[in-house]
Amino acid sequence: MTSFITEAGGATVAASGAPALAWLLIVLPLAGAAILLLGGRRTDSFGPLLATALSWGSFVVGAIVMIALLGLPSDGRSQHLALWNWVPAGSFQLDAGLLVDQLSMSFVLLITFVGSLIHVYSLGYMEHDPDKRRFFAYLNLFVAAMLLLVLADSYLLVFVGWEGVGLASYLLIGFWNHNPAYATAANKAFFVNRVGDLGLSLAIMLMFVTFGKVDYATVNAGVSQASTTALTAIGLLLLVGATGKSAQFPLQSWLGDAMAGPTPVSALIHAATMVTAGVYLVVRSHAIYDAAPNAQLAVAIVGAITLLYGAIVGCAKDDIKKALAASTMSQIGYMMLAAGLGPVGYAFAIMHLLTHGFFKAGMFLGAGSVMHGMKDNVNMRRFGALSTVMKITWVTFGLGWLAILGVPPFSGFWSKDKIIEAAFIGEGIRPWLLGGAALIGAGITAFYMSRLFFMTFYGEKRWEKGVHPHESPLTMTVPMMVLAVGSALLGFVLSFNSMFVHWLAPVVGEHGEEHPVLSVPVITGLTLVLVALGAGYAWYVYGRKEAVVPTLAPEGSLLTRAARADLYQDAINEGLFMRPGIHATRALVFADAKGVDGAAGGLAAMVGGLSSRLRQLQTGYVRSYALTMLAGVVAVLGTMWVMQ
């Protein structure tokens, strides 16, 4: 069944030709997961290769669909593929369908291309793991769930993909669950994400109450008739869901611990896919946020807080993967800030998401390569001078480092700096606060990422005894090289003639011609100065030959100790939520046992006792019954006499 749907910002027509193949994008990796999980040990020999091939097959289908869309006029690139009638419930009818447009296809190519490179990398990284077949099954499942999330044509179907991503991430983070700490990290990610999922589910329920349906077309068309209060509530609830999945304040506590998973998982989840789902949800819901300015401002504030939070935490981490995780949190904060700026920021949020997917995935894979050569050590204080023995890893990681710093002409310069410019657009104190936060974040980013780079690849050797670093095999280095090329060039390609902004305009609206409160050259100059100062200070402390990096972390200042403890996020969560929750649960259990159950049990005991007493009156002797009847007659006559 196909249908014609009209959406705000353009027409969505029934899919035909190559876009009608979009269902294969999800089916291919899903089939791989099913074969590997159901086939068991019989698939050990060919399972990883099959999973990798099916992931690349999904990318090929995505490329074919993208080429087909490019051949259509810009206002006809939004195509709808109806699959089946999913929820026939009285007046509520919902078809399962896919929405193939500029926004979803941008994500599809990122997920399938970077995801496939990570599959290839995993062939080398997980080569000696006896359960690698199961690992690749989970990778395929994750890719399929993420593709469903971005291709779904309704919020309810998004929720299916959303939960599928949560399940797959739980399985991947806890893959080595024989280690109790890793199992705990997986549980933490799962539970924190359930809090965000509750917000998304409540938002979907409120959409049904407000619009009668939950597909994108109906929701977008009904925004103009809905009350601002309802739209604000929906926007805030969607934001709760986004903060959970994208590790944004205040639901960011799971991200650092999630580094317990194998390094390819870190690259897949924390660079290119899962943590970007919240940004996708906000941008896809742009019609709601544009009509609910308070909810939109909340998105920007959450992004600004998180980008600074992650940057501060990253400055004190000695674990290379946790430092990169803090960086991911901060960079997603930039994307969320841009998404909260409205039409001036939507395209740049997605553009930075794409460039970040390349350079952060490359750096995570580079961290895995370093670990491979350092016997799985993650402590940067035990690295140093690796540029002399791991040249490919050094160069590819270095290109990602330059990209995230925003050094021209590398990718981050074209995407992150545009977000900083957009943050300075507006009236009153708002642009100064949001723009100032973005600007300061750029300087801190330059420091902690340079600290990571210099501690790892420069300075004196601080290797542990018996460690002999060496370059990784081609299955690991080739994906790193491909991602490094994207780190260097992708931003320029997307920015050329504002190509990407025009590409997304039919979906998210025109960018507009608003100007920041500071001129663009001034903002760019200030950003580059702060980046130079941050990187220069990191070089002075950690990179130069005379620098002394102790192998044991010094005590540090109060702020340093707080940053090492993730600004005490776990202690705050325990104090404000976990312990009160435990006490509240115990109180409810006591009230239930002694109150509800006690009342029910007491009533039953009373009825039983009374029945026992009454049963004793039934003796079976006629004289007893006659005496009882006589007593009754006397009582009745006495009552009548008294009443006279």
# chains A, B, ... in the order shown; residues from 1 in each chain; ligands from 1
>>> residues_around(residues="segment 96-109 of chain A", least_positions_apart="5", cutoff="6 Å", atoms="only C-alpha atoms", output="JSON list (two decimals) with N, CA and C atoms, in the first residue's frame")
[["chain", "number", "residue", "atom", "x", "y", "z"],
["A", 77, "ARG", "N", 12.31, 15.31, -3.20],
["A", 77, "ARG", "CA", 13.21, 14.28, -2.69],
["A", 77, "ARG", "C", 12.71, 13.60, -1.42],
["A", 78, "SER", "N", 11.56, 14.02, -0.95],
["A", 78, "SER", "CA", 10.99, 13.39, 0.24],
["A", 78, "SER", "C", 10.01, 12.32, -0.22],
["A", 79, "GLN", "N", 10.34, 11.06, 0.02],
["A", 79, "GLN", "CA", 9.55, 9.95, -0.49],
["A", 79, "GLN", "C", 9.13, 9.02, 0.65],
["A", 80, "HIS", "N", 7.90, 8.55, 0.55],
["A", 80, "HIS", "CA", 7.33, 7.72, 1.61],
["A", 80, "HIS", "C", 7.11, 6.31, 1.09],
["A", 81, "LEU", "N", 7.60, 5.34, 1.87],
["A", 81, "LEU", "CA", 7.43, 3.93, 1.52],
["A", 81, "LEU", "C", 6.56, 3.28, 2.59],
["A", 82, "ALA", "N", 5.27, 3.04, 2.25],
["A", 82, "ALA", "CA", 4.36, 2.38, 3.19],
["A", 82, "ALA", "C", 4.59, 0.88, 3.12],
["A", 83, "LEU", "N", 4.70, 0.24, 4.28],
["A", 83, "LEU", "CA", 5.03, -1.18, 4.34],
["A", 83, "LEU", "C", 3.80, -2.04, 4.64],
["A", 84, "TRP", "N", 3.14, -1.81, 5.79],
["A", 84, "TRP", "CA", 1.94, -2.56, 6.13],
["A", 84, "TRP", "C", 1.15, -1.80, 7.17],
["A", 86, "TRP", "N", 0.06, -1.36, 10.52],
["A", 86, "TRP", "CA", 0.72, -1.83, 11.74],
["A", 86, "TRP", "C", -0.22, -1.85, 12.94],
["A", 150, "VAL", "N", 16.19, 6.15, 12.09],
["A", 150, "VAL", "CA", 16.29, 7.36, 11.26],
["A", 150, "VAL", "C", 15.39, 7.29, 10.02],
["A", 151, "LEU", "N", 14.93, 6.09, 9.64],
["A", 151, "LEU", "CA", 14.08, 5.97, 8.46],
["A", 151, "LEU", "C", 12.59, 5.91, 8.80],
["A", 152, "ALA", "N", 12.25, 5.71, 10.07],
["A", 152, "ALA", "CA", 10.84, 5.58, 10.46],
["A", 152, "ALA", "C", 10.05, 6.81, 10.07],
["A", 153, "ASP", "N", 8.77, 6.60, 9.73],
["A", 153, "ASP", "CA", 7.91, 7.71, 9.31],
["A", 153, "ASP", "C", 6.97, 8.16, 10.43],
["A", 504, "LEU", "N", 19.55, 20.31, 2.97],
["A", 504, "LEU", "CA", 18.61, 20.07, 4.06],
["A", 504, "LEU", "C", 17.45, 21.07, 4.10]]
>>> residues_around(residues="Ser411 of chain A", least_positions_apart="2", cutoff="7 Å", atoms="only C-alpha atoms", output="list in words")
Thr355, Ala403, Pro409, Phe413, Trp414, Ser415, Ser487, Ala488, Leu489, Leu490, Gly491 and Phe492 of chain A
>>> closest_residue(among="A:Gly406, A:Gly345, A:Gly362, A:Pro262", to="Phe424 of chain A", atoms="only C-alpha atoms")
A:Gly345
>>> closest_residue(among="A:Gly261, A:Thr229, A:Arg134, A:Gly314", to="Thr184 of chain A", atoms="only C-alpha atoms")
A:Gly261
>>> closest_residue(among="A:Met455, A:Trp394, A:Ala53, A:Val143", to="Lys545 of chain A", atoms="only C-alpha atoms")
A:Met455
>>> residues_around(residues="His356 of chain A", least_positions_apart="6", cutoff="12 Å", atoms="only C-alpha atoms", output="VMD selection string")
chain A and resid 110 114 267 270 to 273 275 to 276 324 327 to 335 348 to 350 362 to 364 400 to 406 410 to 416 483 to 484 486 to 488 490 to 491
>>> write_last_selection(atoms="N, CA and C atoms", output="CSV table (one decimal), in the first residue's frame")
chain,number,residue,atom,x,y,z
A,110,LEU,N,26.0,7.9,6.7
A,110,LEU,CA,26.9,8.0,7.8
A,110,LEU,C,27.0,6.6,8.6
A,114,VAL,N,30.4,4.5,8.0
A,114,VAL,CA,31.3,4.4,9.2
A,114,VAL,C,31.1,3.0,9.9
A,267,ALA,N,33.6,3.4,19.1
A,267,ALA,CA,33.6,4.1,17.9
A,267,ALA,C,32.2,4.1,17.3
A,270,HIS,N,29.6,5.8,20.2
A,270,HIS,CA,29.9,7.1,20.7
A,270,HIS,C,30.4,8.1,19.7
A,271,ALA,N,30.5,7.7,18.5
A,271,ALA,CA,30.9,8.6,17.4
A,271,ALA,C,29.9,8.8,16.3
A,272,ALA,N,29.5,7.7,15.7
A,272,ALA,CA,28.7,7.8,14.5
A,272,ALA,C,27.2,7.6,14.7
A,273,THR,N,26.8,6.9,15.7
A,273,THR,CA,25.4,6.5,15.7
A,273,THR,C,24.6,6.8,17.0
A,275,VAL,N,24.8,8.1,20.0
A,275,VAL,CA,24.7,9.3,20.7
A,275,VAL,C,24.2,10.5,19.8
A,276,THR,N,24.1,10.2,18.5
A,276,THR,CA,23.6,11.2,17.6
A,276,THR,C,22.0,11.1,17.5
A,324,LEU,N,38.2,10.5,25.3
A,324,LEU,CA,37.4,10.7,24.1
A,324,LEU,C,35.9,10.7,24.3
A,327,SER,N,35.0,14.0,25.3
A,327,SER,CA,35.0,14.8,24.1
A,327,SER,C,33.7,14.6,23.3
A,328,THR,N,33.2,13.4,23.2
A,328,THR,CA,32.0,13.1,22.5
A,328,THR,C,30.8,13.8,23.2
A,329,MET,N,30.7,13.7,24.5
A,329,MET,CA,29.7,14.4,25.2
A,329,MET,C,29.7,15.9,24.9
A,330,SER,N,30.9,16.5,24.9
A,330,SER,CA,31.0,17.9,24.6
A,330,SER,C,30.6,18.3,23.2
A,331,GLN,N,31.1,17.5,22.2
A,331,GLN,CA,30.7,17.7,20.8
A,331,GLN,C,29.3,17.5,20.5
A,332,ILE,N,28.6,16.5,21.1
A,332,ILE,CA,27.2,16.4,21.0
A,332,ILE,C,26.5,17.6,21.6
A,333,GLY,N,27.1,18.2,22.6
A,333,GLY,CA,26.6,19.4,23.2
A,333,GLY,C,26.5,20.5,22.2
A,334,TYR,N,27.6,20.6,21.4
A,334,TYR,CA,27.6,21.6,20.3
A,334,TYR,C,26.4,21.4,19.3
A,335,MET,N,26.2,20.1,19.0
A,335,MET,CA,25.1,19.8,18.1
A,335,MET,C,23.8,20.1,18.7
A,348,PHE,N,23.6,23.1,10.5
A,348,PHE,CA,25.0,23.0,11.1
A,348,PHE,C,25.1,21.9,12.2
A,349,ALA,N,23.9,21.7,12.9
A,349,ALA,CA,23.9,20.6,13.9
A,349,ALA,C,24.2,19.3,13.1
A,350,ILE,N,23.5,19.1,12.0
A,350,ILE,CA,23.6,17.8,11.3
A,350,ILE,C,25.0,17.8,10.6
A,362,GLY,N,37.4,7.9,13.8
A,362,GLY,CA,38.9,7.7,13.5
A,362,GLY,C,39.7,7.7,14.8
A,363,MET,N,39.4,8.7,15.7
A,363,MET,CA,40.2,8.7,16.9
A,363,MET,C,39.9,7.6,17.9
A,364,PHE,N,38.7,7.1,17.9
A,364,PHE,CA,38.4,6.0,18.8
A,364,PHE,C,39.1,4.7,18.2
A,400,GLY,N,42.4,13.6,12.8
A,400,GLY,CA,41.2,13.8,13.6
A,400,GLY,C,41.4,14.8,14.7
A,401,TRP,N,42.6,14.9,15.3
A,401,TRP,CA,42.8,15.9,16.3
A,401,TRP,C,42.7,17.3,15.7
A,402,LEU,N,43.3,17.5,14.6
A,402,LEU,CA,43.3,18.9,13.9
A,402,LEU,C,41.8,19.2,13.5
A,403,ALA,N,41.0,18.2,13.2
A,403,ALA,CA,39.6,18.4,12.8
A,403,ALA,C,38.8,18.8,14.0
A,404,ILE,N,39.0,18.1,15.1
A,404,ILE,CA,38.1,18.5,16.3
A,404,ILE,C,38.6,19.8,16.9
A,405,LEU,N,39.8,20.2,16.7
A,405,LEU,CA,40.2,21.5,17.2
A,405,LEU,C,39.6,22.6,16.4
A,406,GLY,N,39.2,22.3,15.1
A,406,GLY,CA,38.7,23.4,14.2
A,406,GLY,C,39.8,24.1,13.5
A,410,PHE,N,40.6,21.8,8.0
A,410,PHE,CA,40.1,20.5,8.4
A,410,PHE,C,38.6,20.6,8.8
A,411,SER,N,37.9,19.4,8.8
A,411,SER,CA,36.5,19.3,8.9
A,411,SER,C,35.8,20.1,10.0
A,412,GLY,N,36.4,20.0,11.2
A,412,GLY,CA,35.7,20.7,12.3
A,412,GLY,C,35.6,22.2,12.1
A,413,PHE,N,36.6,22.8,11.4
A,413,PHE,CA,36.5,24.2,11.2
A,413,PHE,C,35.3,24.6,10.4
A,414,TRP,N,34.8,23.8,9.5
A,414,TRP,CA,33.7,24.2,8.7
A,414,TRP,C,32.3,23.9,9.4
A,415,SER,N,32.3,23.1,10.4
A,415,SER,CA,31.1,22.7,11.0
A,415,SER,C,31.0,23.3,12.4
A,416,LYS,N,32.0,23.1,13.3
A,416,LYS,CA,31.9,23.6,14.7
A,416,LYS,C,31.9,25.1,14.7
A,483,LEU,N,38.9,7.1,7.4
A,483,LEU,CA,38.2,8.0,8.2
A,483,LEU,C,39.1,9.3,8.3
A,484,ALA,N,40.4,9.2,8.3
A,484,ALA,CA,41.3,10.3,8.3
A,484,ALA,C,41.1,11.2,7.1
A,486,GLY,N,38.2,11.6,5.5
A,486,GLY,CA,37.0,12.3,5.8
A,486,GLY,C,37.2,13.4,6.8
A,487,SER,N,38.1,13.1,7.8
A,487,SER,CA,38.4,14.2,8.8
A,487,SER,C,39.0,15.4,8.2
A,488,ALA,N,39.8,15.2,7.1
A,488,ALA,CA,40.5,16.3,6.5
A,488,ALA,C,39.6,17.0,5.5
A,490,LEU,N,35.9,16.3,4.5
A,490,LEU,CA,34.4,16.2,4.5
A,490,LEU,C,33.8,17.6,4.8
A,491,GLY,N,34.4,18.3,5.7
A,491,GLY,CA,33.8,19.6,6.1
A,491,GLY,C,33.8,20.6,4.9
>>> residues_around(residues="segment 573-576 of chain A", least_positions_apart="5", cutoff="10 Å", atoms="only C-alpha atoms", output="CSV table (one decimal) with N, CA and C atoms, in the first residue's frame")
chain,number,residue,atom,x,y,z
A,250,PRO,N,20.9,16.4,32.1
A,250,PRO,CA,21.5,15.7,33.3
A,250,PRO,C,21.6,14.2,33.2
A,251,LEU,N,21.4,13.6,32.0
A,251,LEU,CA,21.5,12.2,31.9
A,251,LEU,C,22.7,11.7,31.1
A,253,SER,N,25.5,10.5,32.7
A,253,SER,CA,26.4,9.8,33.6
A,253,SER,C,26.9,8.4,33.0
A,568,TYR,N,31.5,14.8,40.1
A,568,TYR,CA,30.7,14.1,41.2
A,568,TYR,C,29.3,13.8,40.7
A,581,GLY,N,15.4,7.1,46.4
A,581,GLY,CA,14.6,6.1,45.8
A,581,GLY,C,14.6,4.7,46.5
A,582,ILE,N,15.7,4.3,47.0
A,582,ILE,CA,15.8,3.1,47.8
A,582,ILE,C,14.9,3.2,49.1
>>> closest_residue(among="A:Pro293, A:Gly426, A:Gly443, A:Gly342", to="Ile312 of chain A", atoms="only C-alpha atoms")
A:Gly443
>>> select_by_dssp(residues="segment 24-113 of chain A", states="strand (DSSP E or B)", output="list of chain:residue names")
A:Gln79, A:His80, A:Leu81, A:Ala82, A:Leu83, A:Trp84, A:Asn85, A:Trp86, A:Val87, A:Pro88, A:Ala89, A:Phe92, A:Gln93, A:Leu94, A:Asp95, A:Ala96, A:Gly97, A:Leu98, A:Leu99, A:Val100
>>> select_by_dssp(residues="segment 355-463 of chain A", states="helix (DSSP H, G or I)", output="ChimeraX atom specification")
/A:355-373,380-382,386-388,391-405,411-423,430-457
>>> closest_atom_pairs(of="segment 240-304 of chain A", to="segment 192-200 of chain A", cutoff="8 Å", atoms="only C-alpha atoms", output="Markdown table")
| residue | atom | partner | partner_atom | distance |
| --- | --- | --- | --- | --- |
| A:Val240 | CA | A:Gly199 | CA | 5.2 |
| A:Gly241 | CA | A:Gly196 | CA | 4.0 |
| A:Ala242 | CA | A:Gly196 | CA | 6.8 |
| A:Thr243 | CA | A:Gly196 | CA | 6.6 |
| A:Gly244 | CA | A:Gly196 | CA | 4.4 |
| A:Lys245 | CA | A:Asn193 | CA | 6.0 |
| A:Leu251 | CA | A:Val192 | CA | 6.6 |
| A:Ser253 | CA | A:Val192 | CA | 7.8 |
| A:Trp254 | CA | A:Val192 | CA | 6.7 |
>>> write_last_selection(atoms="C-alpha atoms", output="PDB file, in the first residue's frame")
ATOM      1  CA  VAL A 240      14.281  14.251  27.997  1.00  0.00           C
ATOM      2  CA  GLY A 241      14.479  11.360  25.544  1.00  0.00           C
ATOM      3  CA  ALA A 242      17.255  13.086  23.610  1.00  0.00           C
ATOM      4  CA  THR A 243      19.344  13.768  26.731  1.00  0.00           C
ATOM      5  CA  GLY A 244      19.268  10.088  27.654  1.00  0.00           C
ATOM      6  CA  LYS A 245      20.292   8.700  24.294  1.00  0.00           C
ATOM      7  CA  LEU A 251      21.451  12.157  31.853  1.00  0.00           C
ATOM      8  CA  SER A 253      26.442   9.768  33.582  1.00  0.00           C
ATOM      9  CA  TRP A 254      26.435   6.515  31.560  1.00  0.00           C
TER      10      TRP A 254
END
>>> atom_distance(atom1="atom CA of Leu50 of chain A", atom2="atom CA of Leu24 of chain A")
15.8 Å
>>> residues_around(residues="Pro29 of chain A", least_positions_apart="4", cutoff="8 Å", atoms="only C-alpha atoms", output="list in words")
Leu25, Ala33, Ala51, Leu54, Ser55, Ser58, Asn140, Leu141, Val143 and Ala144 of chain A
>>> closest_residue(among="A:Gln93, A:Leu239, A:Leu518, A:Ala635", to="Phe208 of chain A", atoms="only C-alpha atoms")
A:Gln93
>>> residues_around(residues="segment 552-555 of chain A", least_positions_apart="6", cutoff="10 Å", atoms="only C-alpha atoms", output="ChimeraX atom specification")
/A:316-318,379,381-382,561
>>> residues_around(residues="Asn187 of chain A", least_positions_apart="6", cutoff="12 Å", atoms="only C-alpha atoms", output="MDAnalysis selection string")
chainID A and resid 166:167 169:175 177 180:181 193:194 254:255 257:258 260
>>> atom_distance(atom1="atom CA of Arg613 of chain A", atom2="atom CA of Val633 of chain A")
22.6 Å
>>> atom_distance(atom1="atom CA of Leu238 of chain A", atom2="atom CA of Ala326 of chain A")
23.2 Å
>>> closest_residue(among="A:Leu494, A:Leu433, A:Met499, A:Val407", to="Leu530 of chain A", atoms="only C-alpha atoms")
A:Val407
>>> decode(residues="segment 377-403 of chain A", atoms="N, CA and C atoms", output="PDB file, in the first residue's frame")
ATOM      1  N   ASN A 377      46.638  -1.421  27.473  1.00  0.00           N
ATOM      2  CA  ASN A 377      46.753  -0.343  28.459  1.00  0.00           C
ATOM      3  C   ASN A 377      46.030   0.897  27.933  1.00  0.00           C
ATOM      4  N   VAL A 378      45.247   1.561  28.786  1.00  0.00           N
ATOM      5  CA  VAL A 378      44.513   2.758  28.375  1.00  0.00           C
ATOM      6  C   VAL A 378      45.023   4.003  29.088  1.00  0.00           C
ATOM      7  N   ASN A 379      46.021   3.866  29.938  1.00  0.00           N
ATOM      8  CA  ASN A 379      46.528   4.980  30.738  1.00  0.00           C
ATOM      9  C   ASN A 379      47.528   5.793  29.922  1.00  0.00           C
ATOM     10  N   MET A 380      47.162   7.010  29.565  1.00  0.00           N
ATOM     11  CA  MET A 380      48.029   7.849  28.738  1.00  0.00           C
ATOM     12  C   MET A 380      49.330   8.197  29.450  1.00  0.00           C
ATOM     13  N   ARG A 381      49.354   8.124  30.763  1.00  0.00           N
ATOM     14  CA  ARG A 381      50.588   8.396  31.495  1.00  0.00           C
ATOM     15  C   ARG A 381      51.624   7.294  31.286  1.00  0.00           C
ATOM     16  N   ARG A 382      51.194   6.189  30.675  1.00  0.00           N
ATOM     17  CA  ARG A 382      52.097   5.094  30.349  1.00  0.00           C
ATOM     18  C   ARG A 382      52.359   5.000  28.846  1.00  0.00           C
ATOM     19  N   PHE A 383      52.029   6.074  28.122  1.00  0.00           N
ATOM     20  CA  PHE A 383      52.283   6.108  26.687  1.00  0.00           C
ATOM     21  C   PHE A 383      53.526   6.971  26.430  1.00  0.00           C
ATOM     22  N   GLY A 384      53.436   7.855  25.468  1.00  0.00           N
ATOM     23  CA  GLY A 384      54.540   8.748  25.129  1.00  0.00           C
ATOM     24  C   GLY A 384      55.398   8.210  24.002  1.00  0.00           C
ATOM     25  N   ALA A 385      55.792   9.121  23.089  1.00  0.00           N
ATOM     26  CA  ALA A 385      56.736   8.804  22.005  1.00  0.00           C
ATOM     27  C   ALA A 385      56.240   7.724  21.060  1.00  0.00           C
ATOM     28  N   LEU A 386      54.934   7.507  20.983  1.00  0.00           N
ATOM     29  CA  LEU A 386      54.424   6.457  20.104  1.00  0.00           C
ATOM     30  C   LEU A 386      54.476   6.865  18.629  1.00  0.00           C
ATOM     31  N   SER A 387      54.691   8.145  18.351  1.00  0.00           N
ATOM     32  CA  SER A 387      54.793   8.575  16.951  1.00  0.00           C
ATOM     33  C   SER A 387      55.990   7.933  16.256  1.00  0.00           C
ATOM     34  N   THR A 388      56.945   7.455  17.027  1.00  0.00           N
ATOM     35  CA  THR A 388      58.142   6.852  16.429  1.00  0.00           C
ATOM     36  C   THR A 388      57.928   5.406  16.011  1.00  0.00           C
ATOM     37  N   VAL A 389      56.932   4.735  16.576  1.00  0.00           N
ATOM     38  CA  VAL A 389      56.741   3.312  16.297  1.00  0.00           C
ATOM     39  C   VAL A 389      55.363   2.995  15.715  1.00  0.00           C
ATOM     40  N   MET A 390      54.430   3.945  15.752  1.00  0.00           N
ATOM     41  CA  MET A 390      53.077   3.721  15.221  1.00  0.00           C
ATOM     42  C   MET A 390      52.724   4.899  14.311  1.00  0.00           C
ATOM     43  N   LYS A 391      53.419   4.992  13.198  1.00  0.00           N
ATOM     44  CA  LYS A 391      53.316   6.192  12.370  1.00  0.00           C
ATOM     45  C   LYS A 391      51.941   6.339  11.707  1.00  0.00           C
ATOM     46  N   ILE A 392      51.355   5.244  11.252  1.00  0.00           N
ATOM     47  CA  ILE A 392      50.039   5.337  10.622  1.00  0.00           C
ATOM     48  C   ILE A 392      48.998   5.787  11.649  1.00  0.00           C
ATOM     49  N   THR A 393      49.045   5.178  12.823  1.00  0.00           N
ATOM     50  CA  THR A 393      48.118   5.572  13.885  1.00  0.00           C
ATOM     51  C   THR A 393      48.332   7.032  14.264  1.00  0.00           C
ATOM     52  N   TRP A 394      49.580   7.437  14.341  1.00  0.00           N
ATOM     53  CA  TRP A 394      49.919   8.828  14.703  1.00  0.00           C
ATOM     54  C   TRP A 394      49.358   9.817  13.682  1.00  0.00           C
ATOM     55  N   VAL A 395      49.563   9.565  12.399  1.00  0.00           N
ATOM     56  CA  VAL A 395      49.116  10.498  11.361  1.00  0.00           C
ATOM     57  C   VAL A 395      47.590  10.533  11.279  1.00  0.00           C
ATOM     58  N   THR A 396      46.963   9.369  11.267  1.00  0.00           N
ATOM     59  CA  THR A 396      45.501   9.342  11.153  1.00  0.00           C
ATOM     60  C   THR A 396      44.842   9.957  12.383  1.00  0.00           C
ATOM     61  N   PHE A 397      45.361   9.658  13.571  1.00  0.00           N
ATOM     62  CA  PHE A 397      44.834  10.264  14.787  1.00  0.00           C
ATOM     63  C   PHE A 397      45.073  11.773  14.758  1.00  0.00           C
ATOM     64  N   GLY A 398      46.225  12.174  14.252  1.00  0.00           N
ATOM     65  CA  GLY A 398      46.544  13.604  14.187  1.00  0.00           C
ATOM     66  C   GLY A 398      45.584  14.373  13.299  1.00  0.00           C
ATOM     67  N   LEU A 399      45.152  13.784  12.199  1.00  0.00           N
ATOM     68  CA  LEU A 399      44.186  14.461  11.333  1.00  0.00           C
ATOM     69  C   LEU A 399      42.847  14.631  12.049  1.00  0.00           C
ATOM     70  N   GLY A 400      42.434  13.620  12.813  1.00  0.00           N
ATOM     71  CA  GLY A 400      41.224  13.760  13.604  1.00  0.00           C
ATOM     72  C   GLY A 400      41.376  14.821  14.671  1.00  0.00           C
ATOM     73  N   TRP A 401      42.554  14.888  15.277  1.00  0.00           N
ATOM     74  CA  TRP A 401      42.843  15.905  16.302  1.00  0.00           C
ATOM     75  C   TRP A 401      42.741  17.310  15.720  1.00  0.00           C
ATOM     76  N   LEU A 402      43.337  17.540  14.560  1.00  0.00           N
ATOM     77  CA  LEU A 402      43.250  18.855  13.915  1.00  0.00           C
ATOM     78  C   LEU A 402      41.806  19.190  13.546  1.00  0.00           C
ATOM     79  N   ALA A 403      41.032  18.165  13.165  1.00  0.00           N
ATOM     80  CA  ALA A 403      39.639  18.401  12.781  1.00  0.00           C
ATOM     81  C   ALA A 403      38.801  18.814  13.985  1.00  0.00           C
TER      82      ALA A 403
END
